[in-house]
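J.: My file is coords_18.cif. It has mmCIF, C-alpha atoms:
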data_structure
loop_
_atom_site.label_atom_id
_atom_site.label_comp_id
_atom_site.auth_asym_id
_atom_site.auth_seq_id
_atom_site.Cartn_x
_atom_site.Cartn_y
_atom_site.Cartn_z
CA MET U 1246 -27.39 -6.66 38.61
CA SER U 1247 -30.38 -7.28 36.35
CA GLU U 1248 -29.83 -6.86 32.62
CA GLN U 1249 -32.79 -6.26 30.34
CA VAL U 1250 -32.14 -8.02 27.03
CA GLN U 1251 -34.97 -8.20 24.55
CA GLY U 1252 -37.47 -9.06 27.25
CA VAL U 1253 -35.16 -11.42 29.12
CA PRO U 1254 -34.81 -10.26 32.79
CA ASN U 1255 -31.21 -11.43 33.07
CA GLY U 1256 -29.40 -12.60 29.97
CA HIS U 1257 -26.96 -14.64 32.06
CA THR U 1258 -29.67 -16.84 33.56
CA PRO U 1259 -28.26 -20.38 33.12
CA GLU U 1260 -30.05 -22.77 30.77
CA THR U 1261 -29.58 -26.51 30.29
CA ASN U 1262 -30.90 -29.26 28.05
CA VAL U 1263 -31.10 -31.52 31.14
CA PRO U 1264 -34.35 -30.33 32.74
CA GLU U 1265 -33.94 -32.10 36.08
CA GLU U 1266 -30.72 -30.29 36.90
CA LEU U 1267 -30.67 -26.69 38.10
CA ASP U 1268 -27.54 -24.58 38.41
CA GLU U 1269 -27.59 -21.98 41.15
CA VAL U 1270 -25.33 -19.00 40.46
CA ALA U 1271 -24.42 -16.34 43.00
CA VAL U 1272 -23.52 -13.25 40.99
CA ARG U 1273 -20.78 -11.11 42.50
CA GLU U 1274 -19.85 -7.74 41.08
CA GLY U 1275 -16.71 -5.64 41.15
CA GLN U 1276 -14.17 -8.39 41.78
CA GLU U 1277 -11.20 -9.61 39.79
CA VAL U 1278 -11.13 -13.35 40.33
CA SER U 1279 -9.83 -16.40 38.54
CA GLN U 1280 -9.93 -20.17 38.50
CA GLU U 1281 -6.60 -22.00 38.30
CA PRO U 1282 -5.45 -24.09 35.31
CA SER U 1283 -4.13 -27.66 35.41
CA GLU U 1284 -1.68 -29.36 33.05
CA GLY U 1285 -3.33 -32.74 33.65
CA GLU U 1286 -1.79 -36.11 34.34
CA GLY U 1287 -0.70 -36.84 30.79
CA PHE U 1288 -1.26 -40.06 28.91
CA GLY U 1289 -0.20 -43.26 30.66
CA GLY U 1290 0.87 -41.37 33.75
CA ILE U 1291 3.58 -39.28 32.04
CA PRO U 1292 4.19 -36.24 34.29
CA ALA U 1293 2.64 -33.15 32.76
CA GLY U 1294 5.75 -31.08 33.38
CA SER U 1295 7.78 -33.17 30.96
CA LEU U 1296 5.29 -32.40 28.19
CA GLN U 1297 5.23 -28.62 28.63
CA ALA U 1298 4.88 -26.44 25.54
CA THR U 1299 4.93 -22.67 25.66
CA GLU U 1300 3.76 -19.88 23.43
CA ALA U 1301 6.01 -16.89 22.85
CA VAL U 1302 4.09 -14.17 21.06
CA PRO U 1303 5.28 -12.38 19.00
CA GLY U 1304 7.94 -14.70 17.61
CA TYR U 1305 6.02 -17.83 18.55
CA GLN U 1306 8.15 -20.95 18.56
CA GLN U 1307 6.70 -24.38 19.26
CA MET U 1308 8.51 -26.65 21.71
CA ARG U 1309 7.64 -30.29 21.15
CA ALA U 1310 8.50 -33.58 22.82
CA PRO U 1311 9.21 -36.67 20.69
CA LEU U 1312 5.89 -38.40 20.16
CA ASP U 1313 7.46 -41.86 20.18
CA GLN U 1314 8.63 -41.28 23.75
CA ILE U 1315 5.13 -40.45 24.94
CA LEU U 1316 2.71 -42.75 23.13
CA THR U 1317 2.84 -46.41 22.17
CA ASP U 1318 1.51 -47.68 18.85
CA ALA U 1319 -1.64 -48.84 20.62
CA ASP U 1320 -2.19 -45.41 22.14
CA ILE U 1321 -2.17 -43.58 18.79
CA ALA U 1322 -4.25 -46.17 16.92
CA LEU U 1323 -7.49 -44.35 17.68
CA THR U 1324 -8.83 -42.85 14.46
CA ALA U 1325 -10.90 -39.72 14.16
CA PRO U 1326 -14.12 -39.57 12.14
CA ASP U 1327 -13.79 -38.00 8.70
CA THR U 1328 -14.97 -34.39 9.03
CA THR U 1329 -13.72 -33.28 5.61
CA GLY U 1330 -16.15 -30.88 3.97
CA LEU U 1331 -18.35 -30.32 7.02
CA SER U 1332 -19.51 -26.75 7.59
CA HIS U 1333 -18.56 -24.87 10.74
CA ILE U 1334 -21.19 -24.55 13.45
CA ALA U 1335 -21.56 -20.76 13.16
CA GLU U 1336 -23.24 -21.26 9.79
CA ALA U 1337 -26.00 -23.27 11.47
CA SER U 1338 -27.18 -20.11 13.28
CA PHE U 1339 -25.94 -17.30 11.05
CA GLY U 1340 -25.90 -18.59 7.48
CA THR U 1341 -23.10 -18.55 4.92
CA LEU U 1342 -22.46 -14.91 4.00
CA THR U 1343 -18.78 -14.09 3.66
CA VAL U 1344 -16.94 -10.79 3.93
CA GLY U 1345 -16.99 -9.26 0.46
CA ASP U 1346 -20.35 -10.75 -0.48
CA PRO U 1347 -22.25 -8.26 -2.72
CA LEU U 1348 -25.23 -8.54 -0.35
CA ILE U 1349 -23.15 -7.77 2.71
CA ALA U 1350 -24.43 -4.20 3.04
CA GLU U 1351 -27.99 -5.49 3.31
CA ALA U 1352 -27.23 -8.53 5.44
CA PRO U 1353 -28.42 -8.67 9.04
CA ALA U 1354 -25.78 -7.88 11.63
CA ALA U 1355 -25.98 -11.40 13.05
CA ALA U 1356 -25.03 -12.92 9.70
CA LEU U 1357 -22.01 -10.67 9.36
CA GLY U 1358 -20.89 -11.13 12.93
CA MET U 1359 -20.08 -14.81 12.51
CA GLN U 1360 -17.39 -14.33 9.88
CA GLU U 1361 -14.23 -15.42 11.67
CA ILE U 1362 -11.44 -14.33 9.36
CA VAL U 1363 -7.74 -14.13 8.62
CA ILE U 1364 -6.70 -10.48 8.97
CA GLY U 1365 -4.00 -9.52 6.49
CA THR U 1366 -1.55 -12.38 5.99
CA ASP U 1367 -2.31 -15.78 7.48
CA ASP U 1368 0.05 -16.07 10.46
CA ARG U 1369 -1.48 -19.17 12.00
CA ILE U 1370 0.92 -21.97 12.88
CA GLN U 1371 -0.03 -25.64 12.88
CA ILE U 1372 0.40 -27.52 16.14
CA THR U 1373 2.06 -30.75 15.03
CA ASP U 1374 2.27 -32.41 18.46
CA THR U 1375 -1.13 -32.02 20.03
CA SER U 1376 -0.44 -34.63 22.73
CA ILE U 1377 1.26 -32.07 24.99
CA TYR U 1378 -0.20 -29.34 27.19
CA PRO U 1379 -1.66 -26.80 26.45
CA TRP U 1380 -2.67 -28.11 23.01
CA ARG U 1381 -4.33 -31.29 24.33
CA ALA U 1382 -6.72 -29.17 26.45
CA HIS U 1383 -8.29 -27.96 23.17
CA ALA U 1384 -10.86 -30.27 21.60
CA SER U 1385 -12.13 -30.73 18.08
CA LEU U 1386 -15.92 -31.05 18.15
CA LEU U 1387 -18.19 -33.05 15.85
CA ILE U 1388 -21.67 -31.67 16.45
CA THR U 1389 -24.93 -33.43 15.57
CA ALA U 1390 -27.80 -30.96 15.37
CA ALA U 1391 -31.45 -31.65 16.16
CA ASP U 1392 -32.07 -32.36 12.46
CA ASN U 1393 -29.10 -34.81 12.42
CA SER U 1394 -26.95 -32.49 10.31
CA LEU U 1395 -23.22 -32.53 11.17
CA TRP U 1396 -21.02 -29.53 11.99
CA ILE U 1397 -17.57 -28.75 13.38
CA GLY U 1398 -16.43 -26.51 16.23
CA THR U 1399 -13.93 -26.14 19.06
CA GLY U 1400 -14.06 -26.35 22.86
CA TRP U 1401 -11.56 -26.12 25.74
CA PHE U 1402 -11.45 -27.92 29.06
CA ILE U 1403 -12.10 -25.85 32.18
CA GLY U 1404 -12.29 -28.80 34.58
CA PRO U 1405 -12.19 -32.61 34.78
CA HIS U 1406 -15.51 -33.10 32.98
CA THR U 1407 -16.43 -29.71 31.49
CA LEU U 1408 -15.48 -27.74 28.38
CA ALA U 1409 -16.28 -24.11 27.67
CA THR U 1410 -17.42 -23.20 24.19
CA ALA U 1411 -19.65 -20.78 22.30
CA GLY U 1412 -23.37 -20.76 22.95
CA HIS U 1413 -24.03 -21.34 19.26
CA VAL U 1414 -22.05 -24.59 19.49
CA VAL U 1415 -24.48 -26.19 21.95
CA PHE U 1416 -27.68 -24.32 21.01
CA ILE U 1417 -28.35 -23.44 17.38
CA TYR U 1418 -30.33 -20.23 17.21
CA ALA U 1419 -32.21 -20.57 13.93
CA PRO U 1420 -35.93 -20.07 14.63
CA GLY U 1421 -38.21 -21.54 12.00
CA THR U 1422 -35.75 -24.28 11.03
CA THR U 1423 -35.63 -27.93 12.06
CA ARG U 1424 -32.16 -27.49 13.55
CA HIS U 1425 -33.18 -24.71 15.97
CA GLY U 1426 -32.53 -25.56 19.62
CA TRP U 1427 -30.17 -27.72 21.64
CA VAL U 1428 -27.91 -29.89 19.53
CA ARG U 1429 -28.44 -33.63 19.76
CA SER U 1430 -24.89 -34.65 20.70
CA ILE U 1431 -21.24 -33.59 20.48
CA LYS U 1432 -18.24 -35.86 20.02
CA VAL U 1433 -15.36 -34.32 21.98
CA MET U 1434 -11.86 -35.13 20.64
CA PRO U 1435 -9.13 -33.50 22.79
CA GLY U 1436 -5.79 -32.94 21.12
CA ARG U 1437 -7.04 -34.25 17.79
CA ASN U 1438 -4.33 -34.29 15.14
CA GLY U 1439 -5.87 -34.98 11.76
CA SER U 1440 -7.00 -38.61 11.78
CA SER U 1441 -5.29 -39.35 15.10
CA LEU U 1442 -6.98 -39.10 18.51
CA PRO U 1443 -4.16 -39.29 21.07
CA TYR U 1444 -6.65 -39.14 23.95
CA GLY U 1445 -9.59 -40.85 22.29
CA SER U 1446 -13.02 -39.23 22.29
CA VAL U 1447 -16.13 -38.97 24.41
CA THR U 1448 -19.68 -38.12 23.34
CA SER U 1449 -21.88 -35.75 25.33
CA SER U 1450 -25.54 -34.83 25.28
CA ASP U 1451 -25.35 -32.60 28.39
CA PHE U 1452 -25.09 -28.89 27.56
CA ARG U 1453 -25.31 -25.45 29.14
CA SER U 1454 -25.86 -21.91 27.90
CA VAL U 1455 -27.77 -18.83 29.07
CA SER U 1456 -31.16 -17.31 28.34
CA GLY U 1457 -29.68 -14.29 26.58
CA TRP U 1458 -28.53 -16.64 23.88
CA THR U 1459 -31.15 -19.43 23.88
CA SER U 1460 -34.14 -17.07 24.06
CA SER U 1461 -32.88 -14.10 22.06
CA GLY U 1462 -29.80 -15.09 20.06
CA ASP U 1463 -28.04 -12.07 21.56
CA GLN U 1464 -24.33 -12.17 20.66
CA ASN U 1465 -23.39 -10.58 23.98
CA TYR U 1466 -24.44 -13.82 25.70
CA ASP U 1467 -22.97 -16.32 23.23
CA TYR U 1468 -21.23 -18.76 25.55
CA GLY U 1469 -21.93 -22.24 26.87
CA ALA U 1470 -20.48 -25.47 28.15
CA ILE U 1471 -20.27 -29.18 27.38
CA ARG U 1472 -20.28 -31.65 30.27
CA VAL U 1473 -18.76 -35.05 29.48
CA PRO U 1474 -19.52 -38.31 31.35
CA THR U 1475 -15.85 -38.98 32.17
CA GLU U 1476 -13.02 -37.06 33.84
CA LEU U 1477 -10.97 -36.80 30.66
CA GLY U 1478 -9.97 -33.28 31.68
CA SER U 1479 -7.90 -34.73 34.52
CA THR U 1480 -5.76 -36.41 31.87
CA VAL U 1481 -5.47 -33.65 29.28
CA GLY U 1482 -5.56 -30.73 31.71
CA TRP U 1483 -7.61 -27.58 31.62
CA PHE U 1484 -7.34 -23.82 31.36
CA GLY U 1485 -8.02 -21.38 34.13
CA PHE U 1486 -10.22 -18.36 33.44
CA GLY U 1487 -10.72 -15.02 35.08
CA VAL U 1488 -12.36 -11.62 35.26
CA TYR U 1489 -9.91 -8.85 34.38
CA SER U 1490 -10.12 -5.07 34.10
CA ASP U 1491 -10.19 -3.20 30.79
CA SER U 1492 -6.67 -1.88 31.32
CA ASP U 1493 -5.33 -5.32 32.21
CA LEU U 1494 -6.82 -6.88 29.08
CA LEU U 1495 -5.59 -4.08 26.81
CA ALA U 1496 -2.06 -4.71 28.08
CA SER U 1497 -2.35 -8.45 27.37
CA THR U 1498 -1.48 -10.70 24.47
CA GLY U 1499 -4.38 -12.87 23.37
CA ASN U 1500 -3.86 -16.44 22.19
CA ILE U 1501 -6.22 -18.68 20.23
CA SER U 1502 -5.76 -22.30 19.16
CA GLY U 1503 -8.47 -24.41 17.59
CA TYR U 1504 -9.76 -26.42 14.67
CA PRO U 1505 -10.48 -24.18 11.65
CA GLY U 1506 -12.45 -25.51 8.71
CA ASP U 1507 -10.16 -23.92 6.09
CA LYS U 1508 -7.23 -26.19 7.03
CA PRO U 1509 -6.87 -29.98 6.65
CA ALA U 1510 -9.63 -31.70 8.61
CA GLY U 1511 -8.97 -32.07 12.32
CA THR U 1512 -5.70 -30.14 12.44
CA GLN U 1513 -5.07 -27.62 15.20
CA TRP U 1514 -3.80 -24.10 14.46
CA TYR U 1515 -2.54 -21.33 16.74
CA HIS U 1516 -2.03 -17.57 16.54
CA GLY U 1517 -1.63 -14.76 19.04
CA ARG U 1518 -1.60 -10.95 19.04
CA GLN U 1519 -2.16 -8.02 21.36
CA ILE U 1520 -5.73 -7.40 22.47
CA ALA U 1521 -7.01 -4.52 20.34
CA SER U 1522 -10.01 -3.26 22.30
CA VAL U 1523 -12.66 -4.27 24.80
CA ASP U 1524 -16.17 -3.28 25.79
CA SER U 1525 -18.50 -4.43 28.54
CA ARG U 1526 -19.32 -7.73 26.80
CA LYS U 1527 -16.71 -8.37 24.09
CA VAL U 1528 -12.95 -8.64 23.58
CA TYR U 1529 -11.60 -7.66 20.13
CA TYR U 1530 -8.35 -8.78 18.50
CA ALA U 1531 -6.59 -9.13 15.13
CA ILE U 1532 -5.82 -12.80 15.80
CA ASP U 1533 -6.25 -14.91 12.66
CA THR U 1534 -9.09 -17.43 12.85
CA ALA U 1535 -11.51 -19.20 10.53
CA GLY U 1536 -14.89 -20.89 10.80
CA GLY U 1537 -14.59 -23.99 12.96
CA GLN U 1538 -12.74 -22.16 15.71
CA SER U 1539 -15.99 -20.96 17.28
CA GLY U 1540 -15.80 -21.85 20.95
CA SER U 1541 -12.01 -21.60 21.23
CA ALA U 1542 -10.42 -20.06 24.30
CA VAL U 1543 -9.11 -16.54 23.99
CA TYR U 1544 -6.46 -16.78 26.68
CA ARG U 1545 -3.53 -15.00 28.25
CA ILE U 1546 -0.44 -16.45 29.92
CA ILE U 1547 0.23 -15.44 33.52
CA GLY U 1548 3.21 -16.97 35.29
CA GLY U 1549 3.21 -19.87 32.85
CA GLY U 1550 -0.49 -20.59 33.41
CA ARG U 1551 -3.18 -20.24 30.74
CA TYR U 1552 -6.24 -18.19 31.69
CA GLY U 1553 -9.26 -17.71 29.45
CA ILE U 1554 -10.42 -14.12 29.06
CA ALA U 1555 -13.11 -14.67 26.40
CA VAL U 1556 -14.81 -17.34 24.30
CA HIS U 1557 -14.02 -16.84 20.62
CA ALA U 1558 -17.23 -16.53 18.62
CA TYR U 1559 -17.27 -13.80 15.96
CA GLY U 1560 -15.34 -11.84 13.38
CA GLY U 1561 -15.42 -8.86 11.11
CA ALA U 1562 -13.50 -7.02 8.42
CA THR U 1563 -10.85 -5.64 10.79
CA ALA U 1564 -11.16 -7.65 14.02
CA ASN U 1565 -12.37 -10.94 15.41
CA SER U 1566 -14.05 -11.06 18.80
CA GLY U 1567 -15.02 -13.24 21.72
CA THR U 1568 -17.63 -13.16 24.46
CA ARG U 1569 -15.84 -11.54 27.38
CA ILE U 1570 -15.61 -13.38 30.71
CA VAL U 1571 -17.25 -10.84 33.00
CA GLN U 1572 -18.46 -11.71 36.48
CA PRO U 1573 -21.79 -13.41 35.54
CA VAL U 1574 -20.00 -15.43 32.84
CA PHE U 1575 -17.32 -16.41 35.35
CA ASP U 1576 -19.90 -17.50 37.91
CA ASN U 1577 -21.76 -19.64 35.38
CA LEU U 1578 -18.55 -21.33 34.21
CA VAL U 1579 -17.62 -22.09 37.83
CA ALA U 1580 -21.07 -23.61 38.46
CA TRP U 1581 -20.98 -25.63 35.24
CA LYS U 1582 -17.59 -27.17 35.96
CA ALA U 1583 -18.51 -28.18 39.52
#
Rewrite the structure from the file as structure tokens, please.
T.:
Amino acid sequence: MSEQVQGVPNGHTPETNVPEELDEVAVREGQEVSQEPSEGEGFGGIPAGSLQATEAVPGYQQMRAPLDQILTDADIALTAPDTTGLSHIAEASFGTLTVGDPLIAEAPAAALGMQEIVIGTDDRIQITDTSIYPWRAHASLLITAADNSLWIGTGWFIGPHTLATAGHVVFIYAPGTTRHGWVRSIKVMPGRNGSSLPYGSVTSSDFRSVSGWTSSGDQNYDYGAIRVPTELGSTVGWFGFGVYSDSDLLASTGNISGYPGDKPAGTQWYHGRQIASVDSRKVYYAIDTAGGQSGSAVYRIIGGGRYGIAVHAYGGATANSGTRIVQPVFDNLVAWKA
């Protein structure tokens, strides 16, 4: 299927900042398919099953294992960079307008679309033991743009050496500015917990997105990937992801965990609610988020496994939203994690 998007023949055409590498994607239509998750090996060979944490939504209740039984003093000595006060990556592409701004009625739709918000009361819950699955499969991101400015975001492992994230995390769409284009590097910190890095960090300069985003800044194509030069995902685990029907998604509970900029630096926060609505490219939900969670997984739980259904990227006055994993998105993610 060819999709005409602002002059782009197919908005899902894969793009990379590594010019010598070409991803071939075979687009299949009309199928419901999924990739399987993995809980990872754990740190120091601890079996993943003994570290299991589950989400029960509504009525979420965290189940944690004693940290001192999992990590030695040497293991938890790794210290995160100070990201206090850094702006979230969505502002690099969309600016700093907030809901309620007196200019909001005249603001461009793109600027309003990036406002990830708390809807009603703030029901997010802090994850205090990020060393266990699934929390360790989420990563805090420290992003260095082309102009060397620093930003924060979130990503989630989909394989041993690949994280899914928003397109605007890896490619800043801000034509006419010095930061426009592929970011310079991203420090990936899985399971970050404030100043602690239970699984260390790895820095990447190998990114993926699609032409609908990199050429046009079209929000319907705002997804991408980070490829890291290690197999850290085999340790921390990864999420599955799938293509699901409208009716299936509308009957599902969505979950989001990530690293919001309105909470203490580098802390991970979770919330989940029923999916509110869907369209051909987006999934909408009243899950509380804030800037910094761009790139988080919007996921459902099936038989105890976590499966991404969208990449969280945007917000609004009554709902936040993510780029839906439809078949072309699925195929690109599969190619990028290979």
J.: Can you work out which one of U:Ala1558, U:Val1363, U:Ile1546, U:Ile1431 has the shortest atom-to-atom distance to His1413 in chain U, counting all atoms listed in the file?
T.: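 Looking at the shortest contact to His1413 in chain U, the residue is U:Ala1558.
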J.: Check the smallest atom-to-atom distance from each of U:Val1579, U:Ala1535, U:Val1556, U:Leu1323 to Asn1500 in chain U using only C-alpha atoms, then report the winner.
T.: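 Smallest distance to Asn1500 in chain U is found for U:Val1556.
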J.: What is the CA of Gly1560 in chain U to CA of Lys1527 in chain U distance in Å?
T.: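 Atom-to-atom, CA of Gly1560 in chain U and CA of Lys1527 in chain U are spaced 11.3 Å apart.
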J.: Between CA of Ser1446 in chain U and CA of Val1433 in chain U, what distance in Å does the model show, to one decimal?
T.: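 One can read the CA of Ser1446 in chain U to CA of Val1433 in chain U distance as 5.4 Å.
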J.: Using 5 Å of padding on each side, determine the axis-aligned box around all atoms of range 1381-1399 of chain U present in the file and give its centre and edge lengths in Å to one decimal, as AutoDock Vina command-line options.
T.:
--center_x -18.2 --center_y -30.5 --center_z 18.4 --size_x 37.7 --size_y 18.7 --size_z 26.1
J.: How would you write, as a VMD selection string, the residues chosen by the PyMOL selection byres ((chain U and resi 1408) around 10) on this structure?
T.: chain U and resid 1382 to 1384 1399 to 1407 1409 to 1410 1433 1452 1469 to 1473 1478 1483 to 1484 1540 1578 1581 to 1582
